[in-house]
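So this one's model.tsv, TSV, C-alpha atoms:
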```
chain	number	residue	atom	x	y	z
A	1	MET	CA	71.78	108.84	95.28
A	2	GLY	CA	72.95	105.33	94.50
A	3	PHE	CA	76.60	104.59	93.82
A	4	ALA	CA	76.05	103.77	90.14
A	5	ARG	CA	74.41	107.14	89.58
A	6	ARG	CA	77.01	108.88	91.73
A	7	LEU	CA	79.79	107.46	89.57
A	8	ALA	CA	78.01	108.44	86.38
A	9	SER	CA	77.60	112.04	87.53
A	10	ALA	CA	81.02	112.49	89.20
A	11	ASP	CA	83.55	114.84	87.65
A	12	ARG	CA	86.48	113.08	89.33
A	13	THR	CA	87.62	109.67	90.47
A	14	LEU	CA	85.94	108.69	93.74
A	15	ILE	CA	88.24	107.65	96.58
A	16	GLY	CA	87.44	104.98	99.12
A	17	THR	CA	89.11	102.46	101.39
A	18	TRP	CA	88.50	98.96	102.72
A	19	LEU	CA	86.83	98.47	106.10
A	20	LYS	CA	88.22	95.45	107.95
A	21	ILE	CA	87.91	96.35	111.65
A	22	PRO	CA	84.60	95.12	113.14
A	23	ALA	CA	83.83	98.39	114.92
A	24	LEU	CA	81.79	101.48	114.06
A	25	GLU	CA	84.33	104.07	115.19
A	26	PRO	CA	86.55	103.56	112.11
A	27	VAL	CA	83.48	104.15	109.93
A	28	GLU	CA	82.92	107.59	111.47
A	29	ILE	CA	86.64	108.40	111.33
A	30	LEU	CA	86.83	107.55	107.63
A	31	ALA	CA	83.76	109.67	106.95
A	32	ASP	CA	85.27	112.60	108.85
A	33	ALA	CA	88.48	112.18	106.86
A	34	GLY	CA	86.52	112.78	103.66
A	35	PHE	CA	86.41	109.40	101.91
A	36	ASP	CA	83.67	109.16	99.31
A	37	TYR	CA	82.87	105.56	100.14
A	38	ILE	CA	83.98	102.50	102.07
A	39	VAL	CA	84.09	98.87	101.01
A	40	ILE	CA	83.07	96.50	103.78
A	41	ASP	CA	85.38	93.55	103.22
A	42	GLN	CA	83.70	90.25	103.98
A	43	GLU	CA	86.16	88.29	101.84
A	44	HIS	CA	89.37	89.03	103.72
A	45	ALA	CA	88.09	90.14	107.14
A	46	PRO	CA	85.84	88.50	109.77
A	47	LEU	CA	82.92	90.86	109.23
A	48	THR	CA	79.45	89.45	109.82
A	49	LEU	CA	76.23	90.29	108.04
A	50	GLU	CA	74.96	92.00	111.19
A	51	PHE	CA	78.04	94.21	111.38
A	52	ALA	CA	77.82	95.03	107.68
A	53	TYR	CA	74.25	96.17	108.28
A	54	GLN	CA	75.24	98.40	111.22
A	55	ALA	CA	78.24	99.85	109.38
A	56	THR	CA	76.07	100.63	106.36
A	57	VAL	CA	73.63	102.62	108.46
A	58	VAL	CA	76.41	104.60	110.15
A	59	ALA	CA	78.37	105.25	106.96
A	60	GLN	CA	75.39	106.38	104.92
A	61	GLY	CA	74.26	108.59	107.79
A	62	ALA	CA	77.71	110.20	107.73
A	63	GLY	CA	77.50	110.87	103.99
A	64	MET	CA	79.54	107.98	102.58
A	65	SER	CA	78.42	105.44	100.04
A	66	VAL	CA	78.78	101.80	101.03
A	67	LEU	CA	79.98	98.91	98.93
A	68	VAL	CA	80.34	95.38	100.24
A	69	ARG	CA	82.79	92.82	98.96
A	70	VAL	CA	80.96	89.57	99.62
A	71	PRO	CA	82.83	86.49	100.88
A	72	ASP	CA	82.67	84.56	97.61
A	73	ARG	CA	80.86	84.23	94.30
A	74	SER	CA	78.18	81.84	95.56
A	75	GLY	CA	75.57	84.60	95.89
A	76	SER	CA	74.51	83.54	99.39
A	77	HIS	CA	74.87	87.05	100.86
A	78	LEU	CA	73.50	89.14	98.01
A	79	GLN	CA	69.79	89.31	98.84
A	80	ARG	CA	70.25	90.27	102.47
A	81	LEU	CA	72.88	92.91	101.74
A	82	LEU	CA	70.69	94.45	99.06
A	83	ASP	CA	67.79	94.44	101.52
A	84	ALA	CA	70.10	96.23	103.98
A	85	GLY	CA	70.31	99.11	101.51
A	86	VAL	CA	73.96	98.93	100.49
A	87	ASP	CA	74.98	101.12	97.53
A	88	GLY	CA	76.81	98.41	95.67
A	89	ILE	CA	78.34	94.97	95.77
A	90	LEU	CA	81.67	93.58	94.60
A	91	VAL	CA	81.64	89.87	93.82
A	92	PRO	CA	85.19	88.46	94.08
A	93	ARG	CA	87.04	85.97	91.91
A	94	VAL	CA	84.60	85.82	89.02
A	95	VAL	CA	86.30	83.81	86.28
A	96	SER	CA	83.72	83.21	83.57
A	97	VAL	CA	80.87	84.81	81.66
A	98	GLU	CA	78.49	82.27	83.15
A	99	GLU	CA	79.48	83.08	86.73
A	100	ALA	CA	79.22	86.80	86.11
A	101	SER	CA	75.79	86.45	84.51
A	102	ALA	CA	74.51	84.33	87.40
A	103	VAL	CA	75.54	86.77	90.14
A	104	VAL	CA	74.28	89.81	88.23
A	105	ARG	CA	70.86	88.17	87.78
A	106	GLN	CA	70.65	87.69	91.56
A	107	MET	CA	70.98	91.46	91.97
A	108	LEU	CA	68.35	92.45	89.38
A	109	PHE	CA	64.59	92.36	89.76
A	110	SER	CA	62.41	90.37	87.37
A	111	PRO	CA	62.17	90.24	84.39
A	112	GLY	CA	65.88	91.03	84.09
A	113	GLY	CA	66.90	88.92	87.06
A	114	ASP	CA	65.97	86.90	90.12
A	115	ARG	CA	66.25	89.32	93.05
A	116	GLY	CA	63.39	88.96	95.47
A	117	VAL	CA	61.19	91.92	96.31
A	118	GLY	CA	61.81	93.06	99.88
A	119	ILE	CA	60.14	96.44	100.00
A	120	THR	CA	59.53	96.26	103.75
A	121	SER	CA	63.30	96.04	104.35
A	122	ARG	CA	65.64	99.00	104.89
A	123	ALA	CA	66.22	99.21	101.13
A	124	GLY	CA	62.52	100.05	100.76
A	125	ARG	CA	62.48	102.33	103.82
A	126	TRP	CA	60.40	99.78	105.68
A	127	GLY	CA	57.69	99.91	103.05
A	128	GLY	CA	57.69	103.69	102.78
A	129	THR	CA	59.21	103.85	99.31
A	130	PRO	CA	56.70	103.51	96.46
A	131	ARG	CA	57.03	100.15	94.75
A	132	GLU	CA	57.94	101.65	91.37
A	133	GLU	CA	60.74	103.75	92.88
A	134	TYR	CA	62.03	100.83	94.94
A	135	LEU	CA	62.31	98.67	91.83
A	136	ARG	CA	63.81	101.48	89.74
A	137	PHE	CA	66.42	102.37	92.34
A	138	GLY	CA	67.46	98.75	92.81
A	139	ASP	CA	67.95	98.17	89.10
A	140	GLU	CA	69.34	101.57	88.08
A	141	GLU	CA	71.31	102.99	91.01
A	142	VAL	CA	72.81	100.07	92.93
A	143	MET	CA	76.21	99.05	91.57
A	144	ARG	CA	76.62	95.40	90.58
A	145	ALA	CA	80.34	94.82	90.04
A	146	VAL	CA	82.43	91.74	89.43
A	147	GLN	CA	86.07	91.43	90.41
A	148	LEU	CA	88.26	90.15	87.60
A	149	GLU	CA	91.41	88.68	89.10
A	150	GLU	CA	92.31	85.85	86.74
A	151	ARG	CA	94.02	86.18	83.39
A	152	ALA	CA	91.37	83.97	81.79
A	153	ALA	CA	88.62	86.32	82.98
A	154	ILE	CA	90.27	89.43	81.56
A	155	GLU	CA	90.80	87.64	78.27
A	156	ARG	CA	86.98	87.45	78.11
A	157	VAL	CA	86.37	90.89	79.57
A	158	GLU	CA	84.39	92.15	76.56
A	159	GLU	CA	81.89	89.30	76.91
A	160	ILE	CA	81.63	89.78	80.65
A	161	LEU	CA	81.03	93.52	80.42
A	162	ASP	CA	78.31	92.93	77.82
A	163	ILE	CA	76.19	91.09	80.40
A	164	PRO	CA	72.88	92.97	80.84
A	165	GLY	CA	72.68	94.70	84.22
A	166	LEU	CA	76.38	94.58	85.02
A	167	ASN	CA	77.33	98.17	85.82
A	168	GLY	CA	80.71	97.94	87.50
A	169	VAL	CA	84.01	96.09	87.25
A	170	PHE	CA	86.97	95.84	89.60
A	171	LEU	CA	90.52	94.80	88.75
A	172	GLY	CA	92.19	92.67	91.41
A	173	MET	CA	95.85	93.32	90.64
A	174	GLY	CA	97.33	91.15	93.40
A	175	ASP	CA	95.60	87.95	92.31
A	176	LEU	CA	96.09	88.84	88.65
A	177	GLN	CA	99.84	88.84	89.23
A	178	LEU	CA	99.59	85.41	90.87
A	179	SER	CA	97.38	83.89	88.20
A	180	SER	CA	99.45	85.25	85.33
A	181	GLY	CA	102.84	84.67	86.95
A	182	LEU	CA	103.81	88.20	85.93
A	183	PRO	CA	104.93	91.18	88.03
A	184	GLN	CA	102.82	94.31	87.87
A	185	SER	CA	105.42	96.11	85.77
A	186	ASP	CA	105.47	93.45	83.04
A	187	PRO	CA	104.29	94.87	79.68
A	188	GLU	CA	102.19	91.77	79.01
A	189	LEU	CA	100.27	92.21	82.24
A	190	GLN	CA	99.81	95.91	81.56
A	191	LYS	CA	98.30	95.03	78.19
A	192	LEU	CA	95.66	93.02	80.07
A	193	VAL	CA	94.95	96.04	82.26
A	194	ASP	CA	94.66	98.27	79.19
A	195	ARG	CA	92.26	95.78	77.64
A	196	LEU	CA	90.01	95.86	80.70
A	197	LEU	CA	90.02	99.65	80.86
A	198	ALA	CA	89.35	100.02	77.13
A	199	ALA	CA	86.44	97.55	77.29
A	200	ALA	CA	84.98	99.34	80.31
A	201	GLN	CA	85.31	102.77	78.74
A	202	ALA	CA	83.72	101.62	75.48
A	203	ARG	CA	80.69	100.36	77.40
A	204	ALA	CA	80.53	103.19	79.98
A	205	VAL	CA	81.07	100.66	82.77
A	206	PRO	CA	82.93	102.23	85.72
A	207	ALA	CA	86.19	100.44	86.49
A	208	GLY	CA	87.81	100.36	89.92
A	209	THR	CA	90.93	99.01	91.56
A	210	ALA	CA	92.81	99.04	94.87
A	211	VAL	CA	96.17	100.66	95.60
A	212	GLN	CA	98.34	101.36	98.62
A	213	THR	CA	99.29	105.04	98.37
A	214	PRO	CA	97.80	108.39	97.33
A	215	GLU	CA	100.40	108.62	94.57
A	216	GLN	CA	99.26	105.29	93.15
A	217	ALA	CA	95.65	106.45	93.42
A	218	LEU	CA	96.43	109.53	91.33
A	219	GLN	CA	98.10	107.34	88.73
A	220	ALA	CA	95.02	105.11	88.65
A	221	ALA	CA	92.77	108.14	88.21
A	222	ASP	CA	94.92	109.38	85.34
A	223	ARG	CA	94.70	105.95	83.75
A	224	GLY	CA	90.91	106.05	83.70
A	225	TYR	CA	89.66	104.32	86.83
A	226	SER	CA	86.37	105.75	88.09
A	227	TYR	CA	86.75	104.59	91.70
A	228	VAL	CA	89.86	103.66	93.66
A	229	MET	CA	90.35	102.10	97.07
A	230	VAL	CA	93.44	103.36	98.91
A	231	SER	CA	94.87	101.17	101.66
A	232	ASN	CA	92.48	100.01	104.41
A	233	ASP	CA	91.56	100.88	107.96
A	234	THR	CA	93.98	98.42	109.56
A	235	SER	CA	96.94	99.49	107.43
A	236	LEU	CA	96.20	103.17	107.97
A	237	LEU	CA	96.14	102.60	111.73
A	238	ARG	CA	99.31	100.55	111.65
A	239	SER	CA	101.15	103.12	109.54
A	240	ALA	CA	100.12	106.00	111.79
A	241	ALA	CA	100.99	104.08	114.94
A	242	ALA	CA	104.36	102.96	113.60
A	243	SER	CA	105.19	106.52	112.56
A	244	VAL	CA	104.48	107.84	116.07
A	245	VAL	CA	106.63	105.19	117.74
A	246	ALA	CA	109.48	105.63	115.24
A	247	ALA	CA	109.43	109.41	115.62
A	248	PHE	CA	109.54	109.16	119.41
A	249	ARG	CA	112.26	106.54	119.61
A	250	GLY	CA	114.29	108.31	116.98
A	251	ARG	CA	114.63	111.32	119.28
A	252	LEU	CA	115.62	109.42	122.42
A	253	PRO	CA	119.21	109.89	123.63
```
What is this file in structure tokens?
Amino acid sequence: MGFARRLASADRTLIGTWLKIPALEPVEILADAGFDYIVIDQEHAPLTLEFAYQATVVAQGAGMSVLVRVPDRSGSHLQRLLDAGVDGILVPRVVSVEEASAVVRQMLFSPGGDRGVGITSRAGRWGGTPREEYLRFGDEEVMRAVQLEERAAIERVEEILDIPGLNGVFLGMGDLQLSSGLPQSDPELQKLVDRLLAAAQARAVPAGTAVQTPEQALQAADRGYSYVMVSNDTSLLRSAAASVVAAFRGRLP
């Protein structure tokens, strides 16, 4: 089941986390912990295409869906990641309707877009998937999401979410605070968030975001987000390690 379909059929908010460590052990650990999905972060971590491919195979084999945040909005990685069989892609720092339309077209097959047919790749099970099913799955079940992180982009969110084939949106709160010059608690910034969520809900486009704690994730779920990333593998490791050291040293004479 592709991530777009999984979101549409879920009766709860799906929980995931970012993958930044270039090793496969964290993938298995996160699957064992019960995360619904991981997001392989090629924007803010040194993760190669080859590693993303390997991590996708391991994660999907362990029952998790796999999204990839590509390095930038150029589209250079899209075809190969889709051929690798990822469940969805997040395109960062999209700031205009034109940019959003261009990247979405690269992830859709003709006549709706410009994605090349690669049925002999992993996405087509090495040629074992019937052509009609391969094309249907790619267009209907793979999530194609844009990250809106600039105030100007959210002020055009209705136009962006009306782009044919766009079936996911992600709010980048950290960069939105920088671009707007407003803290997260500011009512004006929260109005922008409400606008994005209302536009997404009206169009049945799943909206996601990233937070740091389980409590924040629950708040995001209550607010209407369909998928939420909580922390990341490096921060989870650091937090656990720091807690062990602090607990030990705190008991020394």
So which residues are close to (93.8, 93.6, 80.7), meaning at most 12 Å away in the file's coordinates with all atoms listed in the file counted, and can you show them as an MDAnalysis selection string?
chainID A and resid 148:158 170:173 176:177 180 184 186:200 207
Please determine, counting all atoms listed in the file, which residue among A:Leu14, A:Ile89, A:Val245, A:Ala23 has the shortest atom-to-atom distance to A:Thr48.
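Closest residue, counting all atoms listed in the file: A:Ala23.
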Residues within 8 Å of stretch 106-119 of chain A, please, as an mmCIF file with C-alpha atoms, in the frame of the given file. Count all atoms listed in the file; anything in the same chain fewer than 4 positions from it doesn't count.
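What follows is the written file around-v9.cif:
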```cif
data_model
loop_
_atom_site.group_PDB
_atom_site.id
_atom_site.type_symbol
_atom_site.label_atom_id
_atom_site.label_comp_id
_atom_site.auth_asym_id
_atom_site.auth_seq_id
_atom_site.Cartn_x
_atom_site.Cartn_y
_atom_site.Cartn_z
ATOM 1 C CA GLY A 75 75.570 84.600 95.890
ATOM 2 C CA LEU A 78 73.500 89.140 98.010
ATOM 3 C CA GLN A 79 69.790 89.310 98.840
ATOM 4 C CA LEU A 82 70.690 94.450 99.060
ATOM 5 C CA ASP A 83 67.790 94.440 101.520
ATOM 6 C CA ALA A 102 74.510 84.330 87.400
ATOM 7 C CA ALA A 123 66.220 99.210 101.130
ATOM 8 C CA GLY A 124 62.520 100.050 100.760
ATOM 9 C CA ARG A 125 62.480 102.330 103.820
ATOM 10 C CA TRP A 126 60.400 99.780 105.680
ATOM 11 C CA GLY A 127 57.690 99.910 103.050
ATOM 12 C CA THR A 129 59.210 103.850 99.310
ATOM 13 C CA ARG A 131 57.030 100.150 94.750
ATOM 14 C CA TYR A 134 62.030 100.830 94.940
ATOM 15 C CA LEU A 135 62.310 98.670 91.830
ATOM 16 C CA GLY A 138 67.460 98.750 92.810
ATOM 17 C CA ASP A 139 67.950 98.170 89.100
ATOM 18 C CA ARG A 144 76.620 95.400 90.580
ATOM 19 C CA PRO A 164 72.880 92.970 80.840
ATOM 20 C CA GLY A 165 72.680 94.700 84.220
#
```
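Interatomic distance, atom CA of A:Val27 against atom CA of A:Leu236: 12.9 Å.
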Please enclose the listed atoms of stretch 221-240 of chain A in an axis-aligned box, pad each side by 8 Å, and write out the centre and the three edge lengths in Å, rounded to one decimal, as AutoDock Vina command-line options.
```
--center_x 93.8 --center_y 103.9 --center_z 97.7 --size_x 30.8 --size_y 27.0 --size_z 44.1
```
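Taking atom CA of A:Asp222 and atom CA of A:Arg6 as the two end points, the separation is 19.0 Å.
Here atom CA of A:Leu47 stands at a distance of 15.3 Å from atom CA of A:Ala59.
Closest approach to A:Ala45 among A:Ala62, A:Ser121, A:Ile21, A:Ser76 is made by A:Ile21 (distances from all atoms listed in the file).
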For each of A:Trp18, A:Phe35, A:Phe248, A:Tyr227, take the minimum atom-to-atom distance to A:Val68, counting all atoms listed in the file, then give the residue where this is smallest.
A:Trp18
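Within the 12 Å cut-off around A:Glu28, using all atoms listed in the file and omitting residues fewer than 2 positions from it on the same chain, the listed residues are A:Leu19, A:Ala23, A:Leu24, A:Glu25, A:Pro26, A:Leu30, A:Ala31, A:Asp32, A:Ala33, A:Gly34, A:Phe35, A:Tyr37, A:Ile38, A:Gln54, A:Ala55, A:Thr56, A:Val57, A:Val58, A:Ala59, A:Gln60, A:Gly61, A:Ala62, A:Gly63, A:Met64, A:Asp233.
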Residues within 10 Å of A:Ala221, please, as a list in words. Count only C-alpha atoms; anything in the same chain fewer than 2 positions from it doesn't count.
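Once the nearby chain positions are removed, what remains is Arg12, Thr13, Leu14, Ile15, Gly208, Thr209, Glu215, Gln216, Ala217, Leu218, Gln219, Arg223, Gly224, Tyr225, Ser226, Tyr227 and Val228 of chain A.
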For each of A:Ser74, A:Val66, A:Pro130, A:Ile160, take the minimum atom-to-atom distance to A:Ser101, counting all atoms listed in the file, then give the residue where this is smallest.
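Distance minimum relative to A:Ser101 lands on A:Ile160.
Comparing A:Thr120, A:Ser65, A:Ser179, A:Thr234 by their smallest distance to A:Ala4, the closest is A:Ser65 (using only C-alpha atoms).
The smallest atom-to-atom distance between A:Arg5 and any of A:Ile163, A:Asp87, A:Gln201, A:Ala246, using only C-alpha atoms, is found for A:Asp87.
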